[in-house]
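**Q** One structure, pasted below without further comment.
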Protein chains: 2
Amino acid sequence: GAVKVLCGPKNVVVERTLTSSGVFLLQMGWGDLGAFGEPSKETPNLDQMAAEGMLFLDFYTASPLCSPSRAALLTGRLPVRNGFYTTNGHARNAYTPQDIVGGIPDSELLLPELLKKAGYTNKIIGKWHLGHRPQFHPLRHGFDEWFGSPNCHFGPYNSTERPNIPVYRDWDMAGRYYEDFKIDLKTGEANLTQLYLQEALDFISKQQASQQPFFLYWAIDATHAPVYASKQFLGTSQRGLYGDAVREIDDSVGKILKHLQQLGISENTFVFFTSDNGAALISAPKQGGSNGPFLCGKQTTFEGGMREPAIAWWPGHIPAGGVSHQLGSVMDLFSTSLSLAGLQPPSDRQIDGIDLLPVILQGQLIDRPIFYYRGNELMAVRAGLYKAHYWTWSNSWEEHGKGIDFCPGQSVAGVTTHTQEEHTYLPLLFHLGRDPGEKYPLSFASEEYQQAVEHISGLVQQHKATLVPGQPQLNVCDQAVMNWAPPGCEKLGKCLKAPESDPKKCSWPH
Amino acid sequence: GAVKVLCGPKNVVVERTLTSSGVFLLQMGWGDLGAFGEPSKETPNLDQMAAEGMLFLDFYTASPLCSPSRAALLTGRLPVRNGFYTTNGHARNAYTPQDIVGGIPDSELLLPELLKKAGYTNKIIGKWHLGHRPQFHPLRHGFDEWFGSPNCHFGPYNSTERPNIPVYRDWDMAGRYYEDFKIDLKTGEANLTQLYLQEALDFISKQQASQQPFFLYWAIDATHAPVYASKQFLGTSQRGLYGDAVREIDDSVGKILKHLQQLGISENTFVFFTSDNGAALISAPKQGGSNGPFLCGKQTTFEGGMREPAIAWWPGHIPAGGVSHQLGSVMDLFSTSLSLAGLQPPSDRQIDGIDLLPVILQGQLIDRPIFYYRGNELMAVRAGLYKAHYWTWSNSWEEHGKGIDFCPGQSVAGVTTHTQEEHTYLPLLFHLGRDPGEKYPLSFASEEYQQAVEHISGLVQQHKATLVPGQPQLNVCDQAVMNWAPPGCEKLGKCLKAPESDPKKCSWPH
C-alpha cells in the first residue's frame with residue numbers, strides 16, 4: 001500500500017510506500033566501532049553504514065543490562081514502568097535468567113503488536129530475553145516468526161540441575177545450545193551468527209516477494225560472553241575473539257544492507273543499529289569490548305554502561321554522512337517505527353520514546369532528558385550536556401573483593417563508589433562536553449552548578465510526580481520454571497523433568 | 001624543476017614536479033579528533049582531511065614531551081641521540097624552558113638544512129622549542145623564515161625575575177607575549193592562531209607564485225596550556241575553551257588545505273597532521289584534551305602519552321579514505337620529506353625515521369619497532385601488537401600528593417606506578433589489539449608472552465648495542481640565558497638586563 005506522510009519541510013508532502021523497519025541490537029560498547037574511534041578500525045561495513053546514514057553520538061539504552069533494555073525498546077517505556085526491574089534490593093540490576101518467574105506482562109503493548117495493525121510481518125531473530133514461560137513467548141506478543149533463544153547462551157549445563165537453553169523456530173524448540181547448536185567454548189567457534197544472518201536474508205527476500213512491509217528485530221548476541229564467531233572469522237581480528245565476533249557481525253550487517261539494496265527496497269527500509277548495554281568490562285580483554293573514552297561499563301549508570309553506538313540508515317531519505325547530537329534512546333525506536341508505519345503511539349499510557357524522524361530527516365534537535373535507572377532507582381539524569389548523579393555505585397566491596405570489577409583500571413574518588421552513595425540533595429554534576437569521562441564533578445558553589453541542577457531537579461520532580469511503577473517482574477525465581485520441557489521437546493525427545501516448584505526471591509548482587 | 005622518481009609498482013616510473021611538504025604539529029591527544037572518536041565530533045576539516053587522505057592509527061611521537069619530540073621530528077633521530085634529554089635524573093622528561101642553556105647542536109642535520117639542497121624554501125610558524133640562545137636560532141638551522149616563539153607561551157612574567165617570551169619575525173624579536181601579542185588568561189582570548197594561519201597562507205601563496213618547492217612547519221600551540229582561541233571561536237565548542245582552540249585549529253587546517261587546492265598545488269604538496277605528545281591530562285578538563293581509550297597522558301610512556309592522531313593528505317597520490325596500521329613515528333616525517341624531495345637521508349649517522357611513501361602510496365606494512373623513551377631511559381618497546389614495558393612510572397608519590405596526576409581517574413595496579421619500577425628481566429607485556437588501554441599484562445608463564453618477549457628483547461639488544469647517546473643538552477639551567485635581550489630588542493626598546501650567570505643543574509621532577 002501507499003501512504004502519504006509529511007516528512008519534508010512544512011507544506012511539502014512526500015508520497016512513499018509503506019516503510020519497513022529493521023533494528024540491529026547486540027551487546028557492544030560505544031567504542032567498538034571504527035566510526036566511534038576503535039583503534040583497530042575493523043568494522044568497514046558499519047562505518048560505511050554510518051557514512052551513508054546518520055551517526056548518533058549521544059544515544060542511550062534504557063538500562064545498563066540486557067533484559068530491561070530490550071523490554072524498553074519493544075514497549076517504548078522505561079523498565080520501571082513496564083515491570084522489567086526488581087524491588088528485591090535497592091538499585092539492583094535484574095534480568096531473565098532461566099529460573100525467572102516473570103516476563104513481559106500482557107498489559108504491555110509491544111511494537112510488533114502495534115505494527116500488525118498496519119499490515120506488518122514481524123520477525124525476531126536471536127535473543128528475546130523478555131521471559132521464557134509460555135505466556136511470554138514472542139509469538140504471543142506480536143511477532144509472527146522467531147528464530148533464536150529466550151535466554152543468554154550460557155552453558156553447557158548438565159540437564160539435571162539446569163537444562164541447556166533452547167533455540168526456537170517459531171512456536172517450538174528446534175534444539176538446544178551446546179547440544180544441537182554447538183558453541184565450542186575452547187576455540188570460541190560457533191556458526192550461530194551465520195544462521196542468524198541467513199534467517200534475516202531469507203525473511204527479507206520473502207517479504208519483498210510478497211510486497212509486505214516488515215519489522216525485523218535482529219537481536220544477535222555473539223559479542224555476549226561466551227563470545228563466539230564462525231570458523232572463517234576466528235583469528236582474523238587484532239582484538240582477539242571479541243574482535244572476531246565483531247568482524248562477523250560487521251560483515252553480516254553489510255550483507256543485510258547489500259541485500260536490501262539488491263532487492264531494490266533499501267529506500268523503503270529504515271535500519272537502525274544499536275546496543276542494549278555498554279561493553280561488559282568484566283569480560284575484558286578476551287570477551288569484552290570497549291566503551292571508548294567513557295567511564296566504567298555494563299551494570300553501571302556511568303556513560304560506559306549506557307551510552308551506545310547508534311547508526312540510522314535509510315538511503316534516499318537520510319542525508320549521507322549525517323551526525324546528530326540528539327539525546328536519543330532505544331525507546332525512541334518504538335515511537336519512530338510507529339511513525340514510519342503511519343501509526344500513533346498508544347495514548348492510554350506513558351510512552352518514554354520520542355519520534356526521531358524530525359531529527360533524522362530535518363536535522364531538528366528535540367529537548368528531552370535521559371533517565372539513567374538501575375533497577376528501581378533513578379540514579380542519574382542528563383539534560384543537554386549536563387549529567388546529574390543522584391546515586392553513585394559501581395558494585396559492592398564484597399563483589400569487588402572477589403575480582404568483579406565494572407570499572408577495571410578506572411577509579412574516580414567519590415564517583416565510582418563501592419557503597420551506594422546518595423547525592424539527592426547535592427547531586428554530582430558533570431559537563432559531558434568538557435568531561436565525557438565523568439572525572440571532574442563541578443563545584444557545588446559555582447553558578448553553573450546551581451543553574452544546571454535547578455533545571456535538572458525540575459525535570460526529576462516532574463518525572464517522579466507522574467511515575468506509575470509497573471508490577472516488578474524480576475523478583476521471583478523458581479528452578480521449576482527453567483527450560484526443562486519447552487514446546488516441541490517431545491518431537492525432539494528433549495523433554496526434561498522439572499523439579500518441584502520452590503519459588504524464592506531472586507538474588508541480584510549488583 | 002621536474003624530477004623522475006619511482007613511486008608506483010615496479011617498473012612504473014611516475015614523473016612529477018618537485019613536491020612540497022607541510023607538517024602540522026601541535027599538542028593534541030589521539031582522541032581529540034572526530035575521526036578518532038572524540039564524542040563531540042567538532043573537527044569537520046580534519047575529518048575531511050582524513051576522508052580524502054590516510055588515517056594512521058598506530059602513529060607515535062618520539063617522546064612524551066614537546067621539545068624532544070620536535071627535535072626528533074626535525075632530525076629524524078631519537079632524542080637520546082640528538083641530545084634532547086637529561087641525565088640529571090633517571091628517566092626524567094626535560095624540555096627547553098627559558099633558563100635552559102642547551103639546544104639543538106650544530107652537529108645535527110635538520111630536515112630544512114637538507115631540503116635546501118633540493119632548492120626548498122623553509123618556514124617555521126609557531127613554537128620552535130629547540131633552544132633560544134643565538135646559536136640555536138631556527139634560521140641558523142635551515143629555516144629561511146620564522147614567525148613564532150622559541151618557548152611555550154607561559155606568562156605573563158614581570159620582566160624582572162623572568163622576561164615575557166619573545167615572538168620572532170625571522171632573525172629579530174617582533175614583540176613579546178602578553179605585551180605585544182596578547183593572551184587574555186581570564187577569557188582565553190588570543191588571536192595568535194589567526195596570525196599563524198595568515199602567515200601560512202601568505203607563505204604558500206608566495207612560494208606558488210615563485211614556483212618554489214617549500215617546506216612549511218606549522219607548529220602552533222593553541223591547545224597547550226594556557227589554552228587560547230580567537231574571539232570568533234570562544235564559546236563555540238561543547239568541550240569548553242580547549243574545544244574552542246581545537247575548532248579554530250580545525251578551521252585553520254581546512255583553510256590551508258583549501259588554499260593549496262585553490263592555488264592548484266594540492267597534488268604537489270604532501271601534508272601531514274600530527275602531535276608532539278599526548279593530551280596533557282593534568283590540564284583537564286578545561287585546558288586538556290583526550291587520549292581516547294588509552295592509558296594516561298603527556299609525560300608518560302603509556303599509549304596516552306605517545307600515540308598520536310596522524311593524517312597524511314596528498315590528493316591524486318594518496319587514495320581517499322585510506323587507513324594504515326603501520327607503526328609510524330614523527331621521525332618518519334624527516335625521511336619521508338627527504339624522499340619526496342628526491343634526497344637520501346644522511347649516511348654518516350643513525351636515522352630512526354623510515355620513508356613512509358611505500359606505506360602511503362602502495363599500502364605496504366614495514367616491520368619496525370617503536371621505542372618509548374623517557375629522558376635517558378628506554379621505558380618500553382612496541383613490535384607488532386605487543387608492547388613490553390621495561391620500566392613503569394607515572395610520577396612520584398611526592399608530586400602525586402600535590403595533585404599532579406598524569407593518569408586522572410585511571411589506576412592500573414603495578415602499571416601506573418608512582419615509584420620507578422624496573423621490569424628488565426620480566427617485562428610487563430600487553431597486547432595492544434585486545435587491550436589498547438594497557439590494563440591486562442599477559443601472564444609470564446604463557447607461550448604467547450615468552451615468544452613475544454623473546455622477539456622484543458632481541459630488538460632491544462640490537463638497539464642498545466648500536467646506540468651512541470648524544471651529549472645531553474637539557475642538564476644545565478641558568479637565569480642569565482633567559483630571553484632578556486633577544487636580537488632586535490633595541491629597535492623595540494624591549495631589552496632587559498640579564499642577571500649574572502649562575503649555571504645550575506636543571507630540576508626535572510618527572
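Just remember, in the C-alpha cells the first chain shown is A, the second B, etc., residues are 1-based per chain, and ligands are 1-based in the order shown.
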Counting only C-alpha atoms, which residues in chain A sit no more than 7 Å from chain B? For each one, give the nearest pair of atoms and the distance in Å, sorted by chain then residue number, as CSV.
**A**
residue,atom,partner,partner_atom,distance
A:Ala35,CA,B:Gly37,CA,6.8
A:Phe36,CA,B:Gly37,CA,4.5
A:Gly37,CA,B:Gly37,CA,3.7
A:Pro39,CA,B:Leu57,CA,6.1
A:Ser40,CA,B:Gly433,CA,6.7
A:Leu57,CA,B:Pro39,CA,6.1
A:Gln238,CA,B:Gly433,CA,4.8
A:Arg239,CA,B:Arg434,CA,4.1
A:Gly240,CA,B:Arg434,CA,5.7
A:Pro285,CA,B:Arg434,CA,5.8
A:Lys286,CA,B:Arg434,CA,6.8
A:Gly292,CA,B:Pro293,CA,4.9
A:Pro293,CA,B:Gly292,CA,4.9
A:Gly409,CA,B:Val412,CA,4.7
A:Gln410,CA,B:Gln410,CA,4.4
A:Ser411,CA,B:Gly409,CA,5.0
A:Val412,CA,B:Gly409,CA,4.7
A:Gly433,CA,B:Arg239,CA,4.5
A:Arg434,CA,B:Arg239,CA,4.1
A:Asp435,CA,B:Pro285,CA,5.9
A:Lys439,CA,B:Gly409,CA,6.1
**Q** Within 9 Å of region 452-464 of chain B, counting only C-alpha atoms, which residues qualify if same-chain residues fewer than 2 places away don't, as a PDB file with N, CA and C atoms, in the first residue's frame?
**A**
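The new file part-v1.pdb reads:
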ATOM      1  N   PRO B 369      60.140  -1.540  15.000  1.00  0.00           N
ATOM      2  CA  PRO B 369      59.658  -1.337  16.369  1.00  0.00           C
ATOM      3  C   PRO B 369      59.455   0.148  16.683  1.00  0.00           C
ATOM      4  N   PHE B 371      60.254   2.682  19.904  1.00  0.00           N
ATOM      5  CA  PHE B 371      60.953   2.801  21.178  1.00  0.00           C
ATOM      6  C   PHE B 371      60.356   3.961  21.974  1.00  0.00           C
ATOM      7  N   LEU B 378      65.102   3.826  28.110  1.00  0.00           N
ATOM      8  CA  LEU B 378      64.177   3.119  27.228  1.00  0.00           C
ATOM      9  C   LEU B 378      63.134   2.444  28.118  1.00  0.00           C
ATOM     10  N   VAL B 381      58.958  -0.892  24.542  1.00  0.00           N
ATOM     11  CA  VAL B 381      59.156  -1.149  23.115  1.00  0.00           C
ATOM     12  C   VAL B 381      57.900  -1.805  22.563  1.00  0.00           C
ATOM     13  N   ARG B 382      57.442  -1.325  21.416  1.00  0.00           N
ATOM     14  CA  ARG B 382      56.343  -1.989  20.723  1.00  0.00           C
ATOM     15  C   ARG B 382      56.874  -2.657  19.455  1.00  0.00           C
ATOM     16  N   ALA B 383      56.456  -3.907  19.260  1.00  0.00           N
ATOM     17  CA  ALA B 383      56.717  -4.612  18.000  1.00  0.00           C
ATOM     18  C   ALA B 383      55.420  -5.299  17.613  1.00  0.00           C
ATOM     19  N   TYR B 386      52.431  -6.138  20.168  1.00  0.00           N
ATOM     20  CA  TYR B 386      52.912  -6.321  21.535  1.00  0.00           C
ATOM     21  C   TYR B 386      53.721  -5.122  22.007  1.00  0.00           C
ATOM     22  N   LYS B 387      53.484  -4.757  23.250  1.00  0.00           N
ATOM     23  CA  LYS B 387      54.266  -3.687  23.866  1.00  0.00           C
ATOM     24  C   LYS B 387      54.828  -4.203  25.174  1.00  0.00           C
ATOM     25  N   ALA B 388      56.142  -4.118  25.297  1.00  0.00           N
ATOM     26  CA  ALA B 388      56.810  -4.571  26.520  1.00  0.00           C
ATOM     27  C   ALA B 388      57.298  -3.357  27.288  1.00  0.00           C
ATOM     28  N   LEU B 426      61.715  -9.310  33.508  1.00  0.00           N
ATOM     29  CA  LEU B 426      60.379  -9.847  33.216  1.00  0.00           C
ATOM     30  C   LEU B 426      59.493  -8.681  32.786  1.00  0.00           C
ATOM     31  N   PRO B 427      59.697  -8.190  31.562  1.00  0.00           N
ATOM     32  CA  PRO B 427      58.924  -7.014  31.147  1.00  0.00           C
ATOM     33  C   PRO B 427      57.418  -7.252  31.242  1.00  0.00           C
ATOM     34  N   LEU B 429      54.051  -7.195  29.619  1.00  0.00           N
ATOM     35  CA  LEU B 429      53.713  -7.303  28.204  1.00  0.00           C
ATOM     36  C   LEU B 429      52.217  -7.106  27.990  1.00  0.00           C
ATOM     37  N   GLU B 447      52.894 -19.086  26.641  1.00  0.00           N
ATOM     38  CA  GLU B 447      53.746 -19.212  25.474  1.00  0.00           C
ATOM     39  C   GLU B 447      53.754 -17.899  24.686  1.00  0.00           C
ATOM     40  N   GLU B 448      52.573 -17.280  24.624  1.00  0.00           N
ATOM     41  CA  GLU B 448      52.457 -16.001  23.916  1.00  0.00           C
ATOM     42  C   GLU B 448      53.438 -14.981  24.502  1.00  0.00           C
ATOM     43  N   TYR B 449      53.499 -14.923  25.830  1.00  0.00           N
ATOM     44  CA  TYR B 449      54.418 -13.994  26.500  1.00  0.00           C
ATOM     45  C   TYR B 449      55.853 -14.309  26.117  1.00  0.00           C
ATOM     46  N   GLN B 450      56.197 -15.575  26.218  1.00  0.00           N
ATOM     47  CA  GLN B 450      57.597 -15.940  26.016  1.00  0.00           C
ATOM     48  C   GLN B 450      58.066 -15.656  24.593  1.00  0.00           C
ATOM     49  N   THR B 466      73.993  -0.698  19.457  1.00  0.00           N
ATOM     50  CA  THR B 466      74.474   0.270  18.461  1.00  0.00           C
ATOM     51  C   THR B 466      74.203   1.707  18.880  1.00  0.00           C
ATOM     52  N   LEU B 467      73.620   1.885  20.071  1.00  0.00           N
ATOM     53  CA  LEU B 467      73.225   3.234  20.477  1.00  0.00           C
ATOM     54  C   LEU B 467      74.426   4.077  20.913  1.00  0.00           C
ATOM     55  N   VAL B 468      74.585   5.230  20.307  1.00  0.00           N
ATOM     56  CA  VAL B 468      75.591   6.199  20.754  1.00  0.00           C
ATOM     57  C   VAL B 468      74.829   7.434  21.251  1.00  0.00           C
TER      58      VAL B 468
END
**Q** Find, counting only C-alpha atoms, the residue in A:Glu113, A:Glu422, A:Asp355, A:Asp251 that gets nearest to Met379 (chain A).
**A** A:Glu422
**Q** Ranking B:Tyr95, B:Tyr168, B:Phe444, B:Phe147 by minimum distance to Gly488 (chain B) and counting only C-alpha atoms, which one comes first?
**A**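 Closest to Gly488 (chain B), using only C-alpha atoms: B:Tyr168.
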**Q** Taking only C-alpha atoms into account, which of A:Pro346, A:Gly403, A:Pro150, A:Pro472 comes nearest Ile282 (chain A)?
**A**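 Ranked by minimum distance to Ile282 (chain A), first place goes to A:Gly403.
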**Q** For a quick check of understanding, using only C-alpha atoms, which of B:Lys494, B:Arg374, B:His259, B:His400 has the smallest distance to Val80 (chain B)?
**A**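 Of B:Lys494, B:Arg374, B:His259, B:His400, the one nearest Val80 (chain B) is B:Arg374, counting only C-alpha atoms.
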**Q** Give me the residues within 7 Å of Val481 (chain A) as a PyMOL selection string, counting only C-alpha atoms and dropping any in the same chain fewer than 6 places off.
**A** chain A and resi 99+101+133
**Q** Going by DSSP on the backbone, which bits of region 262-395 of chain A are helix (DSSP H, G or I)? Write them as an NGL selection string, please.
**A** :A and (262 or 266-268 or 281-283 or 303-306 or 332-340 or 357-362)
**Q** What does the file look like for those residues with C-alpha atoms, as a PDB file, in the first residue's frame?
**A**
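Resulting contents of again15.pdb:
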ATOM      1  CA  GLN A 262      19.926  -5.611  -4.376  1.00  0.00           C
ATOM      2  CA  SER A 266      16.656  -0.017   0.662  1.00  0.00           C
ATOM      3  CA  GLU A 267      14.824   3.261   0.153  1.00  0.00           C
ATOM      4  CA  ASN A 268      11.775   1.695   1.788  1.00  0.00           C
ATOM      5  CA  LEU A 281      34.319  -4.793  31.061  1.00  0.00           C
ATOM      6  CA  ILE A 282      34.262  -7.713  33.500  1.00  0.00           C
ATOM      7  CA  SER A 283      34.733  -9.922  30.430  1.00  0.00           C
ATOM      8  CA  GLU A 303      28.379   6.688  30.419  1.00  0.00           C
ATOM      9  CA  GLY A 304      30.231   3.452  29.700  1.00  0.00           C
ATOM     10  CA  GLY A 305      27.247   1.461  30.874  1.00  0.00           C
ATOM     11  CA  MET A 306      24.518   3.183  28.903  1.00  0.00           C
ATOM     12  CA  ASP A 332      12.739   6.089  20.529  1.00  0.00           C
ATOM     13  CA  LEU A 333      12.917   3.205  18.085  1.00  0.00           C
ATOM     14  CA  PHE A 334       9.423   2.236  19.274  1.00  0.00           C
ATOM     15  CA  SER A 335       7.954   5.657  18.509  1.00  0.00           C
ATOM     16  CA  THR A 336       9.982   6.136  15.346  1.00  0.00           C
ATOM     17  CA  SER A 337       8.978   2.779  13.875  1.00  0.00           C
ATOM     18  CA  LEU A 338       5.324   3.511  14.618  1.00  0.00           C
ATOM     19  CA  SER A 339       5.678   6.878  12.937  1.00  0.00           C
ATOM     20  CA  LEU A 340       7.236   5.250   9.876  1.00  0.00           C
ATOM     21  CA  LEU A 357      12.080  11.339  12.256  1.00  0.00           C
ATOM     22  CA  PRO A 358      12.243  15.150  12.608  1.00  0.00           C
ATOM     23  CA  VAL A 359      15.782  14.689  13.906  1.00  0.00           C
ATOM     24  CA  ILE A 360      16.789  12.303  11.164  1.00  0.00           C
ATOM     25  CA  LEU A 361      15.063  13.923   8.214  1.00  0.00           C
ATOM     26  CA  GLN A 362      15.120  17.592   9.120  1.00  0.00           C
TER      27      GLN A 362
END
